[in-house]
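Worksheet for the structure shown next.
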Amino acid sequence: MNKTNQRLFSGTDAEVALAAELFDSVAKLPIISPHGHVDPRLLAENKPFPNPAELFIYFDHYVTRLLHAQGYSLADLGKGKTDDASARSAWKILCSNWHLYAGTASGYWLTNTFEQLFGISELPSAENAERLYDKIASQLLEPEFLPRALFAKFNIEVLATTDDPTDDLQFHAALAVDANFAGRVIPTFRPDIYIDPRATNWKNNVAKLVASASLVELNYKNFILALENRRAYFKQHGAVSTDHGVYEPYTASLTDSEASRIFETALAGSASETDLREFAGHMLTEMARMSCEDGLVMTVHAGVFRNHHQETFETFGADTGHDIPVAAEFTNNMKALLNKYGTHPNLTLILFALDENVWNRELAPLAGFYPAVRVGAPWWFFDAPDAAMRFREKVTEIAGFYRGSGFIDDTRAFLSIPVRHEMARRVDCMYLARLVSAGRISEHQARAIAVDLVDRVPREAFKL
Amino acid sequence: MNKTNQRLFSGTDAEVALAAELFDSVAKLPIISPHGHVDPRLLAENKPFPNPAELFIYFDHYVTRLLHAQGYSLADLGKGKTDDASARSAWKILCSNWHLYAGTASGYWLTNTFEQLFGISELPSAENAERLYDKIASQLLEPEFLPRALFAKFNIEVLATTDDPTDDLQFHAALAVDANFAGRVIPTFRPDIYIDPRATNWKNNVAKLVASASLVELNYKNFILALENRRAYFKQHGAVSTDHGVYEPYTASLTDSEASRIFETALAGSASETDLREFAGHMLTEMARMSCEDGLVMTVHAGVFRNHHQETFETFGADTGHDIPVAAEFTNNMKALLNKYGTHPNLTLILFALDENVWNRELAPLAGFYPAVRVGAPWWFFDAPDAAMRFREKVTEIAGFYRGSGFIDDTRAFLSIPVRHEMARRVDCMYLARLVSAGRISEHQARAIAVDLVDRVPREAFKL
Amino acid sequence: MNKTNQRLFSGTDAEVALAAELFDSVAKLPIISPHGHVDPRLLAENKPFPNPAELFIYFDHYVTRLLHAQGYSLADLGKGKTDDASARSAWKILCSNWHLYAGTASGYWLTNTFEQLFGISELPSAENAERLYDKIASQLLEPEFLPRALFAKFNIEVLATTDDPTDDLQFHAALAVDANFAGRVIPTFRPDIYIDPRATNWKNNVAKLVASASLVELNYKNFILALENRRAYFKQHGAVSTDHGVYEPYTASLTDSEASRIFETALAGSASETDLREFAGHMLTEMARMSCEDGLVMTVHAGVFRNHHQETFETFGADTGHDIPVAAEFTNNMKALLNKYGTHPNLTLILFALDENVWNRELAPLAGFYPAVRVGAPWWFFDAPDAAMRFREKVTEIAGFYRGSGFIDDTRAFLSIPVRHEMARRVDCMYLARLVSAGRISEHQARAIAVDLVDRVPREAFKL
């Protein structure tokens with residue numbers, strides 16, 4: 001067994017050997033990526049990736065944040081830049097500060113992507129930055145580095161994007177009929193800025209939404225119809241799920257007339273904070289109701305304070321590295337929705353948290369009772385080896401292996417998809433090997449579970 | 001060393017060998033079970049267990065919940081059934097879905113109980129379900145599987161049940177004088193529905209309580225007298241502790257006249273939410289006062305949202321798998337009680353939490369200062385190997401080994417008692433072996449602590 | 001490799017060997033102790049330590065608390081005593097209850113201090129208590145056990161004390177000019193009781209503060225001037241940081257006129273709770289503003305309920321073992337301060353928490369974006385091997401190794417300083433060895449990081 005094959009494995013020789021054997025059985029299985037942020041245009045246009053900095057730095061707030069913390073401005077890191085000099089400068093900053101990434105999730109992805117995809121095994125540094133830039137830049141021009149070629153090489157069976165409900169999904173449509181592309185790229189319906197009246201520009205948002213469904217009058221009834229209409233449109237274009245990013249996963253259940261009243265006062269700008277919260281909570285429950293009807297899986301990503309640093313938000317926009325988690329609560333917050341639809345056979349509701357204490361305190365207990373609920377994989381800041389191991393240790397004893405979502409990469413960094421899935425598979429295999437070694441499950445069970453975790457579980461969770 | 005003897009042990013050969021050696025020294029020590037939910041009638045009547053489904057499924061919400069999550073209704077799982085066909089059907093569902101239990105606490109208990117008690121080492125499946133059912137059913141008719149025979153075989157020194165304060169404790173009384181039963185089965189006083197005026201039917205409850213103490217007038221004074229009276233009755237029947245299951249462990253301290261006023265308004269249905277909470281908090285403090293006087297140990301199990309799914313509660317009742325934990329807070333909530341009685345030499349107050357962050361944030365620090373406070377063992381969803389190891393790792397560095405409760409099984413599944421205690425003993429021995437290996441304690445210390453954890457600690461904690 | 005050199009190391013032979021090699025490379029590096037509670041008088045006067053009990057028990061609430069929990073009164077443990085009989089009695093209690101400390105942080109420090117400093121390898125007990133007392137007492141009279149000799153032996157490069165803003169810092173001044181003392185002992189500015197108007201005797205406190213800055217009129221302007229003046233005085237005496245111990249790390253930003261208004265009403269005793277909280281939050285932000293101006297590093301230790309047991313506080317004062325942690329929240333609480341100064345190049349803000357869930361939920365994400373923020377090392381109840389390992393596992397994947405504070409011992413127990421730093425170094429080396437073994441970082445990286453963690457990181461964090 002070579003060193004590489006043992007990556008992320010630890011323990012006795014027997015445990016490592018079993019982990020490696022289990023991993024061998026799943027290493028080549030196709031990647032199912034049911035939730036992420038890759039731009040579908042990338043695959044539709046299939047143009048070469050522009051340069052190493054735009055590819056690995058500009059749009060990856062996981063990467064830019066540590067450099068920002070070190071004192072580099074986001075402008076230095078390429079925000080809004082398109083010229084070669086800026087790209088080389090940003091790249092040099094990354095390479096010169098490589099020590100910052102040691103032990104981090106981003107460091108793991110970058111190191112392994114560089115090695116597995118570009119054949120770079122030396123560590124980036126100020127000295128080799130220019131050379132590595134040129135090496136990668138030249139490789140990116142080769143046909144096997146075009147997005148579609150990588151899609152095939154990565155063995156991606158299905159890739160879900162995340163999309164605005166008013167999006168026409170032209171790139172998804174184009175890919176679906178493209179005789180030169182065999183992959184499955186599906187949209188995800190993400191209506192946050194429409195269903196939460198506390199969103200910026202909410203009034204304009206809902207006007208746009210209603211118009212996108214070819215409806216005229218702006219009222220609660222048409223608002224609901226428009227959402228149903230656009231969900232149907234997404235479903236026609238292959239969508240299997242909706243996604244909901246919320247500060248708190250509060251749910252409520254209003255009568256139509258109450259909901260309609262708050263909708264009108266919210267449009268008029270005169271709704272109380274309490275009413276606005278009730279309405280947002282009611283709309284999450286409405287999303288569950290629609291899921292019962294149209295079968296779209298509902299995913300909730302809860303507990304993030306978005307755009308924490310106002311100045312950075314105003315200068316560089318959202319998703320620039322200062323979304324900070326907060327404590328999460330699901331037991332009380334989810335009660336209204338779950339009492340209404342938690343045992344409905346058509347509903348699948350996957351709950352993701354960035355507060356790991358919630359994994360075993362609330363999510364695993366909920367997923368261990370409600371047929372609708374599944375525990376979302378470790379996500380974002382937790383998409384890393386030790387966190388993934390803690391997730392298994394905390395969730396499995398309560399909810400087992402079959403109430404999860406399967407791994408999601410949730411990434412806009414297309415090139416990092418294979419190493420992320422590989423990381424998750426390695427951690428799961430290591431965890432299974434430990435259970436076998438401890439006499440808690442049989443090798444036979446471990447073998448079946450290892451495959452199920454990358455095949456049956458995500459297929460069932462996302463109805464794929 | 002055979003494989004079975006190494007179950008739950010991991011690490012270097014030296015660590016595993018020491019863990020096994022430590023475990024050998026405690027494996028045969030009697031089981032002290034100071035908190036649980038076994039029905040005393042079981043031992044008083046000593047009838048054969050009816051059938052495998054009723055024994056392992058019907059009343060075990062740990063088991064039914066994962067099947068419910070998989071889409072089976074609680075009716076399918078035998079709720080309210082008594083016929084053989086229903087039992088076989090429920091059993092077949094369990095066996096057919098055995099993969100759901102891999103890695104779970106329930107899976108561990110069931111597997112080891114099947115193996116150690118019934119000699120079944122094959123994994124249950126749809127194929128062998130009928131055969132396993134028949135095998136177990138026939139064994140249950142044999143004399144060595146009668147409850148009392150198992151009680152002796154399990155080497156249970158003391159078994160505490162959990163009982164309503166108005167219970168006449170006839171089965172405890174019968175067992176105490178039964179010349180054919182040498183075991184010690186003691187009641188536990190659990191007054192939740194009487195001392196919290198927010199409980200369903202509270203007015204009727206307190207009326208019943210006061211009547212059970214042969215008191216007439218329904219007022220605060222008699223309410224307190226009735227509680228004292230019934231505690232004395234329980235103590236006469238062997239009780240060593242009271243148990244308190246609360247959503248939040250809030251405590252308060254009211255004057256008699258304030259308490260009396262709220263009691264009256266609560267009876268009249270006109271008390272405010274704030275007053276009701278104050279009264280419930282005051283009554284926990286009153287329970288501590290009575291413990292100072294009568295010496296009964298006080299256990300608090302905090303942080304559960306009971307009966308989360310209203311429809312299931314209405315159809316199938318309580319304890320049907322949808323009690324979900326919530327965030328817990330003890331530092332502020334326990335202040336009133338601890339400032340009044342926290343250093344009283346007669347009080348022992350054991351605090352149990354389902355929010356593991358509280359173990360080292362609040363419980364270990366409290367138990368490391370207040371003579372009255374002890375940290376309750378990992379409980380319910382946390383009664384499993386990894387959680388038990390985290391408990392030791394989080395609590396020991398702050399409060400050591402001697403400020404805990406000792407293991408409690410808290411189970412209504414009588415047959416799972418030995419494997420649960422064995423699990424806890426194995427984890428503790430493994431943890432001790434690691435401390436020795438890391439040079440943090442001596443082997444000599446580890447040997448003494450291993451025994452103390454199953455002997456001295458629970459005896460001191462529960463005054464046994 | 002001998003056993004001692006492997007202390008706190010575990011895993012495969014290769015992992016242990018690498019951990020030991022890494023540790024060898026940092027074991028002799030000087031101790032940087034940028035935050036603690038040693039009395040500067042100790043070194044200024046350089047008198048022999050009085051006796052083993054006063055040295056190890058009387059002032060160490062980590063030690064006394066477990067004995068208090070066992071039922072010993074703080075009076076029995078020497079509080080307020082000076083005679084030899086009391087010292088011997090307290091010492092005997094400690095030795096007789098040695099089992100209570102097995103596995104605890106205090107047990108680790110005491111055992112290793114006894115062994116490394118006094119050559120005592122036997123475990124303390126009732127039997128050898130008298131003999132150990134005499135042995136240590138006689139050693140304490142020898143010149144090599146004088147405080148300054150130990151300071152040199154411990155290889156302490158810099159030791160920070162914690163001081164009242166009105167302190168004249170005479171001992172620091174004396175040490176600075178003492179030709180017989182080459183060490184660096186620096187003060188830390190801790191203004192809690194002046195900047196939080198909810199503090200006991202706040203009105204007197206601020207009067208004293210303003211007077212200490214030779215200002216006359218008691219108003220908000222002079223209050224601010226006095227703080228700036230005293231910070232400058234501390235800086236002249238070598239201070240590099242300010243320290244802030246708060247129940248909640250709430251920050252706010254008021255206009256001068258709002259702040260002035262609340263200041264006046266607070267002096268008059270008529271301010272509302274809300275106003276008092278706003279003022280305290282505003283003053284934390286003001287401290288950050290002053291740090292931007294004078295460059296003092298700002299450390300915040302948040303989330304402790306001080307003096308939980310009123311009777312003990314009234315009898316024995318503060319810092320007597322009943323400060324209990326509470327849940328912490330930084331994301332919302334720190335927003336005002338961070339939006340104002342979080343990207344200021346002069347600000348370093350180190351956030352310490354006793355709620356480990358916050359380490360990766362909030363602190364690492366904040367430190368991974370804001371240049372000003374660093375994650376404080378595991379502190380107080382968490383200054384122990386398993387907690388320190390969890391800290392690395394939780395923080396590194398998000399923020400790497402370079403956004404921390406470096407280890408702080410935060411102790412008033414001067415003799416425990418080396419073993420505490422050694423513990424932290426051992427845990428970090430073990431963690432690095434595991435990352436190497438898992439193929440996550442190279443040995444080359446591990447070697448550099450091991451040194452940086454005890455050298456570059458604390459120097460950068462505290463501007464040393």
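Going by the structure tokens order, chains are called A, B, ..., each with residues numbered from 1, while ligands are numbered from 1 in the order shown.
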
Can you list every residue of chain B that has an atom at most 7 Å from chain C, with its nearest atom pair and the distance in Å to one decimal, using only C-alpha atoms, ordered by chain then number, as a tab-separated table?
residue	atom	partner	partner_atom	distance
B:Gly11	CA	C:Gly11	CA	6.7
B:Thr12	CA	C:Gly11	CA	6.8
B:Thr331	CA	C:Val326	CA	6.3
B:Asn339	CA	C:His309	CA	5.6
B:Asn357	CA	C:Asn357	CA	6.7
B:Arg361	CA	C:Pro325	CA	5.7
B:Glu362	CA	C:Pro325	CA	5.8
B:Pro365	CA	C:Ile324	CA	6.0
B:Leu366	CA	C:Ile324	CA	6.7
B:Ala367	CA	C:Ala69	CA	6.8
B:Gly368	CA	C:Leu66	CA	5.1
B:Phe369	CA	C:Ala69	CA	4.6
B:Tyr370	CA	C:Ala69	CA	5.0
B:Pro371	CA	C:Ala69	CA	4.0
B:Glu393	CA	C:Asp386	CA	6.4
B:Thr396	CA	C:Thr104	CA	5.9
B:Glu397	CA	C:Thr104	CA	3.8
B:Ile398	CA	C:Thr104	CA	5.6
B:Ala399	CA	C:Thr104	CA	6.7
B:Gly400	CA	C:Thr104	CA	5.4
B:Phe401	CA	C:Leu100	CA	6.8
B:Tyr402	CA	C:Leu100	CA	6.2
B:Ala438	CA	C:Leu8	CA	4.3
B:Gly439	CA	C:Arg7	CA	5.1
B:Arg440	CA	C:Gly103	CA	6.5
B:Ile441	CA	C:Ala102	CA	6.4

Residues from the last selection, C-alpha atoms, saved as a PDB file, in the first residue's frame:
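Heads up, here's the output in result23.pdb:
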ATOM      1  CA  GLY B  11      -5.175   2.035  20.006  1.00  0.00           C
ATOM      2  CA  THR B  12      -1.789   0.428  20.481  1.00  0.00           C
ATOM      3  CA  THR B 331     -25.384  28.239  35.307  1.00  0.00           C
ATOM      4  CA  ASN B 339     -27.224  29.516  46.480  1.00  0.00           C
ATOM      5  CA  ASN B 357     -21.646  21.357  25.188  1.00  0.00           C
ATOM      6  CA  ARG B 361     -19.094  24.404  29.987  1.00  0.00           C
ATOM      7  CA  GLU B 362     -21.386  24.253  33.002  1.00  0.00           C
ATOM      8  CA  PRO B 365     -17.444  23.453  36.676  1.00  0.00           C
ATOM      9  CA  LEU B 366     -20.535  23.367  38.931  1.00  0.00           C
ATOM     10  CA  ALA B 367     -19.764  19.851  40.187  1.00  0.00           C
ATOM     11  CA  GLY B 368     -16.157  20.902  40.750  1.00  0.00           C
ATOM     12  CA  PHE B 369     -17.202  23.509  43.296  1.00  0.00           C
ATOM     13  CA  TYR B 370     -20.584  22.716  44.862  1.00  0.00           C
ATOM     14  CA  PRO B 371     -20.460  19.707  47.214  1.00  0.00           C
ATOM     15  CA  GLU B 393     -12.791  13.534  27.776  1.00  0.00           C
ATOM     16  CA  THR B 396     -12.580  14.545  33.599  1.00  0.00           C
ATOM     17  CA  GLU B 397     -10.093  17.330  32.966  1.00  0.00           C
ATOM     18  CA  ILE B 398     -12.336  19.701  34.903  1.00  0.00           C
ATOM     19  CA  ALA B 399     -14.031  17.607  37.569  1.00  0.00           C
ATOM     20  CA  GLY B 400     -12.050  14.359  37.713  1.00  0.00           C
ATOM     21  CA  PHE B 401     -13.578  10.903  38.151  1.00  0.00           C
ATOM     22  CA  TYR B 402     -15.289  11.347  41.490  1.00  0.00           C
ATOM     23  CA  ALA B 438      -0.161   9.264  27.845  1.00  0.00           C
ATOM     24  CA  GLY B 439       1.625   9.371  31.193  1.00  0.00           C
ATOM     25  CA  ARG B 440      -1.222  11.252  32.845  1.00  0.00           C
ATOM     26  CA  ILE B 441      -2.067   8.715  35.557  1.00  0.00           C
TER      27      ILE B 441
END

### Task
Give me the residues within 9 Å of Leu363 (chain B) as a VMD selection string, counting only C-alpha atoms and dropping any in the same chain fewer than 3 places off.
chain B and resid 330 to 331 351 to 353 358 to 360 366 to 368 373 to 376 395 399

Dump as a CSV table (one decimal), in the first residue's frame, selection limited to all heavy atoms:
chain,number,residue,atom,x,y,z
B,330,PHE,N,-27.6,25.8,32.7
B,330,PHE,CA,-27.7,25.5,34.1
B,330,PHE,C,-27.1,26.6,35.0
B,330,PHE,O,-27.6,26.8,36.1
B,330,PHE,CB,-26.9,24.2,34.4
B,330,PHE,CG,-27.6,22.9,33.9
B,330,PHE,CD1,-27.4,22.5,32.6
B,330,PHE,CD2,-28.4,22.1,34.7
B,330,PHE,CE1,-28.0,21.3,32.1
B,330,PHE,CE2,-29.0,21.0,34.2
B,330,PHE,CZ,-28.8,20.6,32.9
B,331,THR,N,-26.1,27.3,34.5
B,331,THR,CA,-25.4,28.2,35.3
B,331,THR,C,-26.3,29.3,35.9
B,331,THR,O,-26.3,29.5,37.1
B,331,THR,CB,-24.3,28.9,34.5
B,331,THR,OG1,-23.4,27.9,34.0
B,331,THR,CG2,-23.4,29.9,35.4
B,351,LEU,N,-27.0,16.3,37.9
B,351,LEU,CA,-27.6,17.1,36.7
B,351,LEU,C,-27.2,16.3,35.4
B,351,LEU,O,-26.0,16.1,35.1
B,351,LEU,CB,-26.9,18.5,36.7
B,351,LEU,CG,-27.2,19.3,37.9
B,351,LEU,CD1,-26.5,20.6,37.8
B,351,LEU,CD2,-28.7,19.5,38.2
B,352,PHE,N,-28.3,16.0,34.7
B,352,PHE,CA,-28.1,15.3,33.4
B,352,PHE,C,-28.5,16.2,32.2
B,352,PHE,O,-29.5,16.9,32.3
B,352,PHE,CB,-29.1,14.0,33.4
B,352,PHE,CG,-28.7,13.0,34.3
B,352,PHE,CD1,-29.2,13.0,35.6
B,352,PHE,CD2,-27.9,11.9,34.0
B,352,PHE,CE1,-28.9,12.0,36.6
B,352,PHE,CE2,-27.6,10.9,34.9
B,352,PHE,CZ,-28.1,10.9,36.2
B,353,ALA,N,-27.7,16.1,31.2
B,353,ALA,CA,-28.0,17.0,30.0
B,353,ALA,C,-27.9,16.2,28.7
B,353,ALA,O,-27.2,15.3,28.6
B,353,ALA,CB,-27.0,18.1,30.0
B,358,VAL,N,-22.8,21.4,27.3
B,358,VAL,CA,-23.0,21.8,28.7
B,358,VAL,C,-22.1,21.0,29.7
B,358,VAL,O,-21.8,21.4,30.8
B,358,VAL,CB,-24.5,21.7,29.0
B,358,VAL,CG1,-24.7,21.7,30.5
B,358,VAL,CG2,-25.3,22.8,28.4
B,359,TRP,N,-21.7,19.8,29.2
B,359,TRP,CA,-21.0,18.9,30.1
B,359,TRP,C,-19.7,19.6,30.7
B,359,TRP,O,-19.5,19.6,31.8
B,359,TRP,CB,-20.5,17.7,29.3
B,359,TRP,CG,-21.6,16.7,29.0
B,359,TRP,CD1,-22.8,16.6,29.5
B,359,TRP,CD2,-21.5,15.7,28.0
B,359,TRP,NE1,-23.5,15.6,28.9
B,359,TRP,CE2,-22.7,15.0,28.0
B,359,TRP,CE3,-20.4,15.2,27.1
B,359,TRP,CZ2,-22.9,13.9,27.1
B,359,TRP,CZ3,-20.7,14.2,26.2
B,359,TRP,CH2,-21.9,13.5,26.2
B,360,ASN,N,-19.0,20.2,29.8
B,360,ASN,CA,-17.8,20.9,30.3
B,360,ASN,C,-17.9,22.4,30.5
B,360,ASN,O,-17.2,23.0,31.2
B,360,ASN,CB,-16.5,20.6,29.4
B,360,ASN,CG,-16.7,20.9,28.0
B,360,ASN,OD1,-17.8,21.2,27.5
B,360,ASN,ND2,-15.6,20.8,27.2
B,366,LEU,N,-19.6,23.3,37.8
B,366,LEU,CA,-20.5,23.4,38.9
B,366,LEU,C,-20.2,22.2,39.9
B,366,LEU,O,-20.1,22.4,41.1
B,366,LEU,CB,-22.0,23.3,38.5
B,366,LEU,CG,-22.6,24.5,37.8
B,366,LEU,CD1,-23.9,24.2,37.2
B,366,LEU,CD2,-22.8,25.7,38.8
B,367,ALA,N,-20.0,21.0,39.3
B,367,ALA,CA,-19.8,19.9,40.2
B,367,ALA,C,-18.4,19.9,40.8
B,367,ALA,O,-18.1,19.2,41.8
B,367,ALA,CB,-19.9,18.6,39.4
B,368,GLY,N,-17.5,20.7,40.2
B,368,GLY,CA,-16.2,20.9,40.7
B,368,GLY,C,-16.1,21.9,41.8
B,368,GLY,O,-15.0,22.2,42.4
B,373,VAL,N,-23.4,19.1,43.9
B,373,VAL,CA,-23.6,18.8,42.5
B,373,VAL,C,-22.8,17.6,42.0
B,373,VAL,O,-21.6,17.6,42.3
B,373,VAL,CB,-23.4,20.0,41.7
B,373,VAL,CG1,-23.5,19.7,40.2
B,373,VAL,CG2,-24.3,21.2,42.1
B,374,ARG,N,-23.4,16.8,41.2
B,374,ARG,CA,-22.6,15.7,40.5
B,374,ARG,C,-23.1,15.8,39.0
B,374,ARG,O,-24.2,16.1,38.7
B,374,ARG,CB,-22.9,14.3,41.1
B,374,ARG,CG,-22.2,14.1,42.4
B,374,ARG,CD,-22.6,12.8,43.0
B,374,ARG,NE,-21.8,12.5,44.2
B,374,ARG,CZ,-20.7,11.8,44.2
B,374,ARG,NH1,-20.3,11.1,43.1
B,374,ARG,NH2,-20.0,11.6,45.3
B,375,VAL,N,-22.1,15.4,38.1
B,375,VAL,CA,-22.4,15.4,36.7
B,375,VAL,C,-23.1,14.1,36.3
B,375,VAL,O,-22.5,13.0,36.5
B,375,VAL,CB,-21.2,15.6,35.9
B,375,VAL,CG1,-21.5,15.7,34.4
B,375,VAL,CG2,-20.4,16.8,36.3
B,376,GLY,N,-24.3,14.1,35.8
B,376,GLY,CA,-24.9,12.9,35.4
B,376,GLY,C,-24.3,12.2,34.2
B,376,GLY,O,-23.7,12.9,33.3
B,395,VAL,N,-15.4,15.9,30.7
B,395,VAL,CA,-15.7,16.2,32.1
B,395,VAL,C,-14.5,16.0,33.0
B,395,VAL,O,-14.2,16.7,33.9
B,395,VAL,CB,-16.9,15.3,32.5
B,395,VAL,CG1,-17.0,15.3,34.1
B,395,VAL,CG2,-18.1,15.7,31.9
B,399,ALA,N,-13.4,18.1,36.3
B,399,ALA,CA,-14.0,17.6,37.6
B,399,ALA,C,-13.5,16.3,38.0
B,399,ALA,O,-13.9,15.8,39.1
B,399,ALA,CB,-15.6,17.6,37.4

### Message
Based on the backbone DSSP call, show me all residues of region 299-427 of chain B assigned helix (DSSP H, G or I), as a PyMOL selection string.
### Response
chain B and resi 310-316+335-341+357-367+380-382+385-399+414-427

### Message
So that I can see what lies close to region 38-43 of chain C, please list as an MDAnalysis selection string the residues with an atom at most 6 Å from it, counting only C-alpha atoms and leaving out residues fewer than 6 positions away in the same chain.
### Response
chainID C and resid 147:148 161 171 412

Keeping only N, CA and C atoms, write the selected residues to a file as an mmCIF file, in the first residue's frame.
data_model
loop_
_atom_site.group_PDB
_atom_site.id
_atom_site.type_symbol
_atom_site.label_atom_id
_atom_site.label_comp_id
_atom_site.auth_asym_id
_atom_site.auth_seq_id
_atom_site.Cartn_x
_atom_site.Cartn_y
_atom_site.Cartn_z
ATOM 1 N N PRO C 147 12.309 33.027 43.683
ATOM 2 C CA PRO C 147 11.538 33.354 42.482
ATOM 3 C C PRO C 147 12.402 33.729 41.277
ATOM 4 N N ARG C 148 13.396 34.561 41.461
ATOM 5 C CA ARG C 148 14.203 34.985 40.314
ATOM 6 C C ARG C 148 15.034 33.830 39.748
ATOM 7 N N THR C 161 1.891 40.454 33.760
ATOM 8 C CA THR C 161 0.979 40.394 34.898
ATOM 9 C C THR C 161 -0.333 41.055 34.491
ATOM 10 N N PHE C 171 6.321 47.789 41.296
ATOM 11 C CA PHE C 171 7.142 46.574 41.237
ATOM 12 C C PHE C 171 7.674 46.347 39.825
ATOM 13 N N ARG C 412 -1.909 32.268 38.279
ATOM 14 C CA ARG C 412 -1.233 32.910 39.413
ATOM 15 C C ARG C 412 -0.268 31.927 40.082
#

### Query
Could you state the separation of CA of Lys235 (chain B) and CA of Leu296 (chain B) in Å, given to one decimal place?
7.7 Å

Residue contacts of Ser405 (chain B) (6 Å, only C-alpha atoms) excluding same-chain residues fewer than 4 positions away, as a PDB file with C-alpha atoms, in the first residue's frame:
ATOM      1  CA  GLY B 376     -24.949  12.894  35.368  1.00  0.00           C
ATOM      2  CA  ALA B 377     -23.672  10.154  33.056  1.00  0.00           C
ATOM      3  CA  PRO B 458     -22.619   5.213  42.144  1.00  0.00           C
ATOM      4  CA  ALA B 461     -23.860   9.430  44.345  1.00  0.00           C
TER       5      ALA B 461
END

### Query
What is the CA of Ser270 (chain B)-CA of Val246 (chain B) distance in Å, reported with one decimal?
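Calculated distance between CA of Ser270 (chain B) and CA of Val246 (chain B) is 22.5 Å.
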
### Task
Apply DSSP to the structure's backbone, then extract all residues of region 164-260 of chain A labelled strand (DSSP E) and return them as a ChimeraX atom specification.
/A:184-186,241-246
